[in-house]
Each structure stands twice: as structure tokens, then as C-alpha cells.
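Have a look at structure21.csv; it's CSV, C-alpha atoms:
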chain,number,residue,atom,x,y,z
L,1,MET,CA,88.3,138.1,160.7
L,2,LYS,CA,90.2,138.8,157.5
L,3,ALA,CA,91.1,136.2,154.9
L,4,THR,CA,94.8,135.4,154.4
L,5,SER,CA,96.0,134.6,150.9
L,6,SER,CA,96.1,130.9,151.6
L,7,GLN,CA,92.5,130.9,152.9
L,8,SER,CA,91.4,132.8,149.8
L,9,ARG,CA,92.4,129.8,147.7
L,10,LYS,CA,90.1,127.5,149.7
L,11,VAL,CA,86.8,126.5,148.2
L,12,ILE,CA,83.7,127.1,150.3
L,13,ILE,CA,81.0,124.5,149.9
L,14,THR,CA,77.5,125.6,150.8
L,15,CYS,CA,74.8,123.0,151.2
L,16,ALA,CA,71.2,124.1,150.6
L,17,VAL,CA,69.4,121.3,152.5
L,18,THR,CA,65.7,121.5,151.5
L,19,GLY,CA,64.6,124.8,149.9
L,20,ALA,CA,61.2,125.6,148.6
L,21,ILE,CA,61.3,124.4,145.0
L,22,HIS,CA,61.1,120.6,145.1
L,23,THR,CA,58.2,118.8,146.6
L,24,PRO,CA,58.0,115.6,148.7
L,25,SER,CA,56.5,113.6,145.8
L,26,MET,CA,59.5,114.2,143.7
L,27,THR,CA,61.9,112.2,145.9
L,28,PRO,CA,61.6,110.3,149.2
L,29,TYR,CA,64.9,111.8,150.3
L,30,LEU,CA,63.8,115.4,150.6
L,31,PRO,CA,64.0,116.5,154.3
L,32,VAL,CA,60.8,117.8,155.6
L,33,THR,CA,60.5,117.4,159.4
L,34,PRO,CA,62.8,119.2,161.9
L,35,GLU,CA,64.5,115.9,162.6
L,36,GLU,CA,65.2,115.2,159.0
L,37,ILE,CA,66.5,118.7,158.3
L,38,THR,CA,68.8,118.5,161.4
L,39,ARG,CA,70.1,115.1,160.4
L,40,GLU,CA,70.7,116.1,156.8
L,41,ALA,CA,72.4,119.4,157.7
L,42,VAL,CA,74.7,117.8,160.2
L,43,ALA,CA,75.7,115.0,157.7
L,44,ALA,CA,76.3,117.6,155.0
L,45,ALA,CA,78.6,119.5,157.4
L,46,GLU,CA,80.5,116.3,158.2
L,47,ALA,CA,80.9,115.6,154.5
L,48,GLY,CA,82.6,119.0,154.0
L,49,ALA,CA,80.0,121.7,153.8
L,50,SER,CA,81.2,124.8,155.7
L,51,ILE,CA,77.9,126.7,155.2
L,52,LEU,CA,74.4,125.3,155.7
L,53,HIS,CA,71.6,127.2,153.8
L,54,LEU,CA,68.3,126.5,155.6
L,55,HIS,CA,64.6,126.6,154.9
L,56,ALA,CA,61.8,125.2,156.9
L,57,ARG,CA,58.8,123.1,155.9
L,58,ASP,CA,55.5,122.0,157.4
L,59,PRO,CA,56.3,118.6,158.9
L,60,GLN,CA,53.0,117.0,157.8
L,61,THR,CA,52.7,118.3,154.2
L,62,GLY,CA,56.2,119.4,153.3
L,63,ARG,CA,54.9,122.8,152.2
L,64,PRO,CA,57.5,125.6,152.7
L,65,ASP,CA,57.0,127.4,156.0
L,66,GLN,CA,58.7,130.7,156.7
L,67,SER,CA,57.2,131.3,160.1
L,68,VAL,CA,59.7,132.1,162.9
L,69,GLY,CA,58.5,129.1,164.9
L,70,ALA,CA,59.1,126.6,162.1
L,71,PHE,CA,62.9,127.2,162.4
L,72,GLU,CA,63.1,127.0,166.2
L,73,PRO,CA,63.1,123.2,166.4
L,74,PHE,CA,66.2,122.7,164.3
L,75,LEU,CA,68.4,125.8,164.5
L,76,PRO,CA,69.8,125.2,168.0
L,77,ARG,CA,70.3,121.5,167.3
L,78,ILE,CA,72.3,122.0,164.2
L,79,LYS,CA,74.4,124.7,165.9
L,80,GLN,CA,75.1,122.4,168.8
L,81,ALA,CA,76.0,119.5,166.5
L,82,THR,CA,78.3,121.2,164.1
L,83,ASP,CA,80.6,124.3,163.7
L,84,ALA,CA,79.3,125.0,160.2
L,85,VAL,CA,78.1,128.5,159.4
L,86,ILE,CA,74.2,128.7,159.4
L,87,ASN,CA,72.6,130.7,156.6
L,88,ILE,CA,68.9,131.4,156.9
L,89,THR,CA,66.9,132.1,153.8
L,90,THR,CA,65.1,135.4,153.3
L,91,GLY,CA,63.9,134.1,149.9
L,92,GLY,CA,61.5,131.7,151.5
L,93,SER,CA,59.0,131.0,148.7
L,94,PRO,CA,58.1,133.2,145.8
L,95,TYR,CA,54.5,133.1,147.1
L,96,MET,CA,55.4,134.9,150.4
L,97,SER,CA,55.6,138.6,151.3
L,98,VAL,CA,59.0,140.1,152.0
L,99,ALA,CA,58.1,140.7,155.7
L,100,GLU,CA,57.2,137.0,156.1
L,101,ARG,CA,60.4,136.0,154.3
L,102,ALA,CA,62.7,138.2,156.4
L,103,ALA,CA,61.2,137.4,159.8
L,104,PRO,CA,63.3,134.3,160.7
L,105,ALA,CA,66.6,136.0,159.8
L,106,ALA,CA,65.6,139.1,161.7
L,107,THR,CA,64.7,137.0,164.8
L,108,TYR,CA,67.6,134.6,164.9
L,109,GLN,CA,70.4,136.9,163.6
L,110,PRO,CA,72.4,134.3,161.7
L,111,GLU,CA,76.0,134.8,160.5
L,112,VAL,CA,74.6,134.7,156.9
L,113,ALA,CA,71.2,135.2,155.3
L,114,SER,CA,70.3,134.8,151.6
L,115,LEU,CA,69.0,137.8,149.7
L,116,ASN,CA,67.6,137.7,146.2
L,117,MET,CA,68.8,140.7,144.2
L,118,GLY,CA,66.0,141.3,141.7
L,119,SER,CA,62.4,140.4,140.6
L,120,MET,CA,62.0,137.7,138.0
L,121,ASN,CA,59.7,135.2,136.4
L,122,PHE,CA,60.3,131.9,138.3
L,123,GLY,CA,59.1,129.0,136.2
L,124,LEU,CA,58.8,125.7,137.9
L,125,TYR,CA,55.9,124.4,135.8
L,126,PRO,CA,58.1,122.4,133.3
L,127,MET,CA,58.7,119.9,136.1
L,128,LEU,CA,55.0,118.8,135.6
L,129,LYS,CA,56.2,117.0,132.5
L,130,ARG,CA,58.4,114.7,134.7
L,131,PHE,CA,56.3,114.5,137.8
L,132,THR,CA,52.6,113.8,137.4
L,133,GLU,CA,51.5,112.2,140.7
L,134,PHE,CA,51.5,114.1,144.0
L,135,LYS,CA,50.8,113.2,147.6
L,136,HIS,CA,49.6,116.6,148.6
L,137,ASP,CA,47.2,119.1,146.8
L,138,TRP,CA,49.6,122.0,147.2
L,139,GLU,CA,52.4,120.4,145.2
L,140,ARG,CA,50.7,120.6,141.8
L,141,GLU,CA,49.3,124.1,142.5
L,142,HIS,CA,52.8,125.2,143.5
L,143,LEU,CA,54.3,124.1,140.2
L,144,GLU,CA,51.3,125.1,138.0
L,145,GLY,CA,51.0,128.5,139.6
L,146,SER,CA,54.5,129.4,138.5
L,147,ARG,CA,53.2,129.9,134.9
L,148,ASP,CA,51.9,133.3,136.1
L,149,LEU,CA,54.4,134.0,138.9
L,150,VAL,CA,56.7,137.0,139.3
L,151,PHE,CA,59.1,136.4,142.2
L,152,ARG,CA,59.0,140.0,143.6
L,153,ASN,CA,62.3,141.4,144.9
L,154,SER,CA,61.9,145.1,144.3
L,155,PHE,CA,64.4,147.7,145.3
L,156,LYS,CA,62.1,148.5,148.3
L,157,ASP,CA,62.0,144.8,149.2
L,158,ILE,CA,65.8,144.5,149.2
L,159,GLU,CA,66.1,147.7,151.3
L,160,TYR,CA,63.6,146.2,153.7
L,161,VAL,CA,65.7,143.1,154.2
L,162,LEU,CA,68.9,145.1,154.5
L,163,GLU,CA,67.4,147.4,157.1
L,164,THR,CA,65.9,144.6,159.0
L,165,CYS,CA,68.9,142.3,159.2
L,166,TYR,CA,72.2,144.2,158.7
L,167,GLY,CA,72.1,145.9,162.1
L,168,ASN,CA,72.4,142.4,163.6
L,169,GLY,CA,75.8,141.8,162.0
L,170,THR,CA,74.3,139.3,159.5
L,171,ARG,CA,76.0,139.2,156.2
L,172,PHE,CA,74.3,138.1,153.0
L,173,GLU,CA,74.5,135.5,150.3
L,174,PHE,CA,73.5,137.8,147.4
L,175,GLU,CA,71.6,135.5,145.1
L,176,CYS,CA,71.9,136.7,141.5
L,177,TYR,CA,69.8,134.9,139.0
L,178,ASP,CA,70.8,137.1,136.1
L,179,ILE,CA,73.3,139.8,135.0
L,180,SER,CA,70.9,142.6,136.0
L,181,HIS,CA,71.0,141.3,139.6
L,182,LEU,CA,74.8,142.0,139.7
L,183,TYR,CA,74.1,145.6,138.7
L,184,ASN,CA,71.4,145.8,141.4
L,185,LEU,CA,74.0,144.8,143.9
L,186,ALA,CA,76.4,147.3,142.6
L,187,HIS,CA,73.7,150.0,143.0
L,188,PHE,CA,73.4,149.1,146.7
L,189,ALA,CA,77.1,149.1,147.1
L,190,ASP,CA,77.4,152.5,145.5
L,191,ARG,CA,74.8,153.8,148.0
L,192,GLY,CA,76.8,152.3,150.9
L,193,LEU,CA,74.0,150.0,152.0
L,194,VAL,CA,76.0,146.7,151.6
L,195,LYS,CA,79.5,146.0,152.8
L,196,ALA,CA,82.4,144.2,151.2
L,197,PRO,CA,83.4,141.4,150.8
L,198,PHE,CA,80.2,140.6,148.9
L,199,PHE,CA,79.3,136.9,148.9
L,200,VAL,CA,77.8,136.6,145.4
L,201,GLN,CA,75.9,133.4,144.7
L,202,SER,CA,75.3,133.2,140.9
L,203,VAL,CA,72.3,131.0,140.1
L,204,PHE,CA,72.1,129.2,136.8
L,205,GLY,CA,69.3,127.2,135.1
L,206,ILE,CA,66.1,128.5,136.7
L,207,LEU,CA,63.5,129.3,134.0
L,208,GLY,CA,63.2,133.1,134.1
L,209,GLY,CA,66.9,133.6,135.0
L,210,ILE,CA,70.2,133.1,133.2
L,211,GLY,CA,70.8,129.7,131.6
L,212,GLY,CA,73.3,127.1,132.4
L,213,HIS,CA,75.6,127.3,129.3
L,214,PRO,CA,79.4,127.6,130.1
L,215,GLU,CA,79.3,131.0,128.4
L,216,ASP,CA,76.6,132.1,130.8
L,217,VAL,CA,78.9,131.1,133.7
L,218,LEU,CA,81.8,133.0,132.2
L,219,HIS,CA,79.6,136.1,131.5
L,220,MET,CA,78.5,136.2,135.2
L,221,LYS,CA,82.1,135.9,136.4
L,222,ARG,CA,83.4,138.5,134.0
L,223,THR,CA,80.6,141.0,134.9
L,224,ALA,CA,81.1,140.5,138.7
L,225,ASP,CA,84.9,140.9,138.3
L,226,ARG,CA,84.4,144.2,136.4
L,227,LEU,CA,81.8,145.5,138.9
L,228,PHE,CA,83.4,144.4,142.2
L,229,GLY,CA,87.0,143.7,141.6
L,230,ALA,CA,88.6,142.2,144.7
L,231,GLU,CA,85.6,143.1,146.9
L,232,PHE,CA,83.5,140.0,146.2
L,233,ARG,CA,83.7,136.2,146.8
L,234,TRP,CA,82.0,134.3,144.0
L,235,SER,CA,80.0,131.1,144.4
L,236,VAL,CA,77.7,129.3,142.0
L,237,LEU,CA,74.8,126.9,142.0
L,238,GLY,CA,73.5,125.0,139.0
L,239,ALA,CA,69.8,124.0,139.1
L,240,GLY,CA,68.9,120.4,138.4
L,241,ALA,CA,71.2,118.6,135.9
L,242,ASN,CA,73.5,121.7,135.7
L,243,GLN,CA,74.7,121.2,139.3
L,244,PHE,CA,78.0,119.4,139.1
L,245,ARG,CA,79.1,120.6,135.7
L,246,ILE,CA,78.7,124.3,136.7
L,247,ALA,CA,80.4,123.6,140.1
L,248,ALA,CA,83.4,122.1,138.4
L,249,GLN,CA,83.7,125.1,136.0
L,250,ALA,CA,83.4,127.6,138.7
L,251,ALA,CA,85.9,125.9,141.0
L,252,ALA,CA,88.4,125.8,138.1
L,253,LEU,CA,87.8,129.6,137.7
L,254,GLY,CA,88.5,130.3,141.4
L,255,GLY,CA,85.0,130.2,142.7
L,256,ASN,CA,83.1,128.6,145.5
L,257,VAL,CA,80.2,126.1,145.1
L,258,ARG,CA,76.7,125.4,146.4
L,259,VAL,CA,74.9,122.0,146.2
L,260,GLY,CA,72.0,120.5,148.0
L,261,LEU,CA,68.5,119.1,147.5
L,262,GLU,CA,67.1,122.6,147.3
L,263,ASP,CA,68.9,123.1,144.0
L,264,SER,CA,68.9,119.5,142.6
L,265,ILE,CA,67.5,116.2,143.7
L,266,TRP,CA,70.0,114.3,141.5
L,267,ALA,CA,73.4,112.6,142.1
L,268,GLY,CA,73.9,111.8,138.5
L,269,ARG,CA,71.9,111.2,135.3
L,270,GLY,CA,68.6,109.5,136.4
L,271,GLU,CA,70.0,108.8,139.9
L,272,LEU,CA,68.3,110.4,142.8
L,273,ALA,CA,70.6,111.7,145.5
L,274,THR,CA,69.8,109.7,148.7
L,275,SER,CA,71.0,112.6,150.9
L,276,ASN,CA,72.5,116.1,150.8
L,277,ALA,CA,75.8,114.5,152.0
L,278,VAL,CA,76.0,112.5,148.8
L,279,GLN,CA,76.1,115.7,146.8
L,280,VAL,CA,78.6,117.4,149.1
L,281,THR,CA,80.9,114.4,148.9
L,282,LYS,CA,80.6,114.3,145.1
L,283,VAL,CA,81.4,118.0,144.7
L,284,ARG,CA,84.2,117.7,147.2
L,285,GLN,CA,85.8,115.0,145.0
L,286,ILE,CA,85.5,117.4,142.1
L,287,ILE,CA,87.2,120.2,144.0
L,288,GLU,CA,90.0,118.0,145.3
L,289,GLY,CA,90.4,116.4,141.9
L,290,LEU,CA,91.3,119.9,140.6
L,291,GLY,CA,94.0,120.1,143.2
L,292,LEU,CA,92.1,122.5,145.4
L,293,GLU,CA,91.2,122.4,149.1
L,294,VAL,CA,87.8,122.6,150.8
L,295,ALA,CA,87.4,125.4,153.3
L,296,THR,CA,86.7,124.6,156.9
L,297,PRO,CA,83.9,126.6,158.7
L,298,GLU,CA,86.5,128.8,160.4
L,299,GLU,CA,88.3,129.4,157.1
L,300,ALA,CA,84.9,130.3,155.5
L,301,ARG,CA,84.2,132.7,158.3
L,302,ALA,CA,87.6,134.4,157.6
L,303,ILE,CA,87.1,134.5,153.9
L,304,LEU,CA,83.6,136.1,154.2
L,305,ASP,CA,84.5,138.2,157.3
L,306,LEU,CA,81.6,136.8,159.4
L,307,LYS,CA,80.8,137.7,162.9
L,308,GLY,CA,81.2,134.2,164.4
L,309,GLY,CA,78.8,131.5,165.6
L,310,ASP,CA,78.7,132.8,169.1
L,311,GLN,CA,77.0,136.0,167.9
L,312,VAL,CA,73.7,134.5,166.7
L,313,ALA,CA,70.4,134.5,168.5
L,314,PHE,CA,69.7,130.8,168.7

Output the file's structure in the form of C-alpha cells.
Amino acid sequence: MKATSSQSRKVIITCAVTGAIHTPSMTPYLPVTPEEITREAVAAAEAGASILHLHARDPQTGRPDQSVGAFEPFLPRIKQATDAVINITTGGSPYMSVAERAAPAATYQPEVASLNMGSMNFGLYPMLKRFTEFKHDWEREHLEGSRDLVFRNSFKDIEYVLETCYGNGTRFEFECYDISHLYNLAHFADRGLVKAPFFVQSVFGILGGIGGHPEDVLHMKRTADRLFGAEFRWSVLGAGANQFRIAAQAAALGGNVRVGLEDSIWAGRGELATSNAVQVTKVRQIIEGLGLEVATPEEARAILDLKGGDQVAF
């Protein structure tokens, strides 16, 4: 499917439903069980998300779980309940091996999988200033351990994910946490290992990556424009309090947006988001307030040249 000029002006909303950053003690609204993840994903799609970015968690402790079996209870249910594009993470958690992280996408062959484009320090420990009481032992360890954590995504790791998943027709949400990650993507493009159009997800506000200043957003966009020209589709996510401001800036610049409780647990200053759909609704209002239109799942498939929901293995 190829995008028409009118489709290219549509804004794709991705919703990252649960992720591996926030912990259950931070908010009672974080989906953990397969039932909760299913409910939240479907509601986000109904609110306007055309892509659902999915992680799995242990239903008892909420700890990130990247086993193939952890995804099985909710992937078919979400597919049956909505036409949204399903995007399976290969980022998993920074504490996992690349083989563990890639296994669900390799098994279930989704239309889209995420792919982190470089190694980085990944600092979550500042959240310990805000959150001090935890239900599960792993939560504090998860945050404190990030003081000495390098999220490994070496060139060899990236090649492994590409070799493992590309043959299934899966395309990638290339997650770029810094300018160097754009150059890494350009390197793989020069080698012919990735195919246009590139879905570039610029990530702002994670300690260890690029910041959330408006000039940082512009710098990412200018660099991607120079490296990829018309061969990429740009999207952004702002971590934490950066979420809606950066989404508004990117949409005004012609980009797409990602929201969800993976990236931020807030609906506004000091206000917890009671669901993923709350964030989708809010960012949709921003997009439409700018005079833009939100892409449907089929329009997103055309814009990103995806294989179609009937070509997945779940």
C-alpha cells in the first residue's frame, strides 16, 4: 500500500499501552494483566490510536515479561476487537538480552515492531525522588539499578533484530533517543538492510538521551530531514511532563505522535491519567485543534507501507 498525498497529511497516533519504565506503585491505572492490557489497548484504539505499541508484564508483580507466552493471552484478543496496527516491542526492558527482546516479534510476526537504534545510559533513578513506597521488591531495584545501566543496542544487536524479523514482512518503529541514533539508521539504510519509508520515532526526555527542549525537537527533525529526505515518516514521544507539549510541536511541524502510559503516567500537571484513552483523546484534541486530521488504521498502513493485519501470526 502506498500513501496518497492526502493520506500523508494525516497524523498517526501511536499508543504505548504499558511499557517497561513505570511500575505498578506509581499509578493504579497502569495495565498489568492480559485483561487490563487488552481493555486499555482497545479503548485507546476507539479513542483514535491507529497503532498500539505493546509490552507484556507479569500479572502478579507487574514486572516486565518478554517471554513469548506472556503476549499470547492478549494479542489475538486485541486483533479481534480492533483494526488498529499492532506493534510489538523488541526493546523489552534494558535488563534483557537482545535474543529475549526479539523473540515475541519473531514469533508473532506483527505489522510493526519497535527497534532501538543505539546503546545509551538509561537513567530512571531520578523517579526515586518522587516515588518512595513500593508494593514489590523489584520496583526499587529496577529504578536504582539504572544508575549503572547501559541499555545495550550495539550494531550487532540491531542486525540480529533485523535478520530475525525483517523476513516476516515486519516493519520497524525506529526508536531514536539521540541524534547519533539517526546516523545509525542512516548507516543501515546505506547498507541496504532497512527499507523506506522509515518510521522514525524520536524520543525526548529520557535521562541519557536527548532532552525535551523545543530546540532539541527541531534539531532531530532537521537532522532526519537531511539524512532521509522524503524516505521517512517522523513521529515523536515526549517522556513524562514533556508528552503533550512535544506532541503539539511535532504535529505542527508535520509529524506524527505517540502517547500512552509507557511514556507518561500524567494527563496534566499533577493529574494522573486514568487510562491510555485519556491521553489519546487529549492528543487528538490537540491535533484537530491545529486543523489536522487523525489517521485511521488503514491510512496508517498506507502511509507506512505495512503488510496488513491479515499477514501476522496471531

(message) Nearest residue to L:Arg233 out of L:Val200, L:Leu149, L:Ala302, L:Ala99, using only C-alpha atoms?
(response) L:Val200

Padding of 6 Å on every side, edges along x, y and z, all listed atoms of stretch 20-26 of chain L included: what centre and edge lengths in Å, to one decimal, does that box have, as JSON?
{"center_x": 58.9, "center_y": 119.6, "center_z": 146.2, "size_x": 16.8, "size_y": 24.0, "size_z": 17.0}

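Minimum atom-to-atom distance to L:Pro34, evaluated using only C-alpha atoms, belongs to L:Val17 out of L:Val194, L:Ala47, L:Leu182, L:Val17.
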
(request) Give the answer as one residue: which of L:Met26, L:Val32, L:Ala189, L:Arg9 has the shortest atom-to-atom distance to L:Phe131, using all atoms listed in the file? (result)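 Smallest separation from L:Phe131 among the options: L:Met26.
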
(message) At a cut-off of 9 Å around the point (68.8, 142.8, 152.4) (file coordinates), what residues fall inside when counting only C-alpha atoms? I'd like the answer as a list in words.
(response)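 Here the neighbourhood of the point contains Thr90, Ala102, Ala113, Ser114, Leu115, Asn116, Met117, Asp157, Ile158, Glu159, Tyr160, Val161, Leu162, Glu163, Thr164, Cys165, Tyr166, Arg171, Phe172, Phe174, Leu193 and Val194 of chain L.
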
(message) Report as a ChimeraX atom specification all protein, DNA and RNA residues lying within 12 Å of L:Thr38, evaluated on only C-alpha atoms, omitting residues in the same chain fewer than 2 positions from it.
(response) /L:17-18,31-36,40-45,52-56,71-82,86,276

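Going from atom CA of L:Ser202 over to atom CA of L:Lys282, you cover 20.1 Å.
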
(request) Give me the residues within 9 Å of L:Gly308 as JSON, numbers by chain, counting all atoms listed in the file and dropping any in the same chain fewer than 6 places off. (result) {"L": [1, 85, 111, 298, 301]}

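With all atoms listed in the file as the atoms that count, the residue of L:Glu141, L:Pro59, L:His181, L:Lys135 with the shortest distance to L:Gly118 is L:His181.
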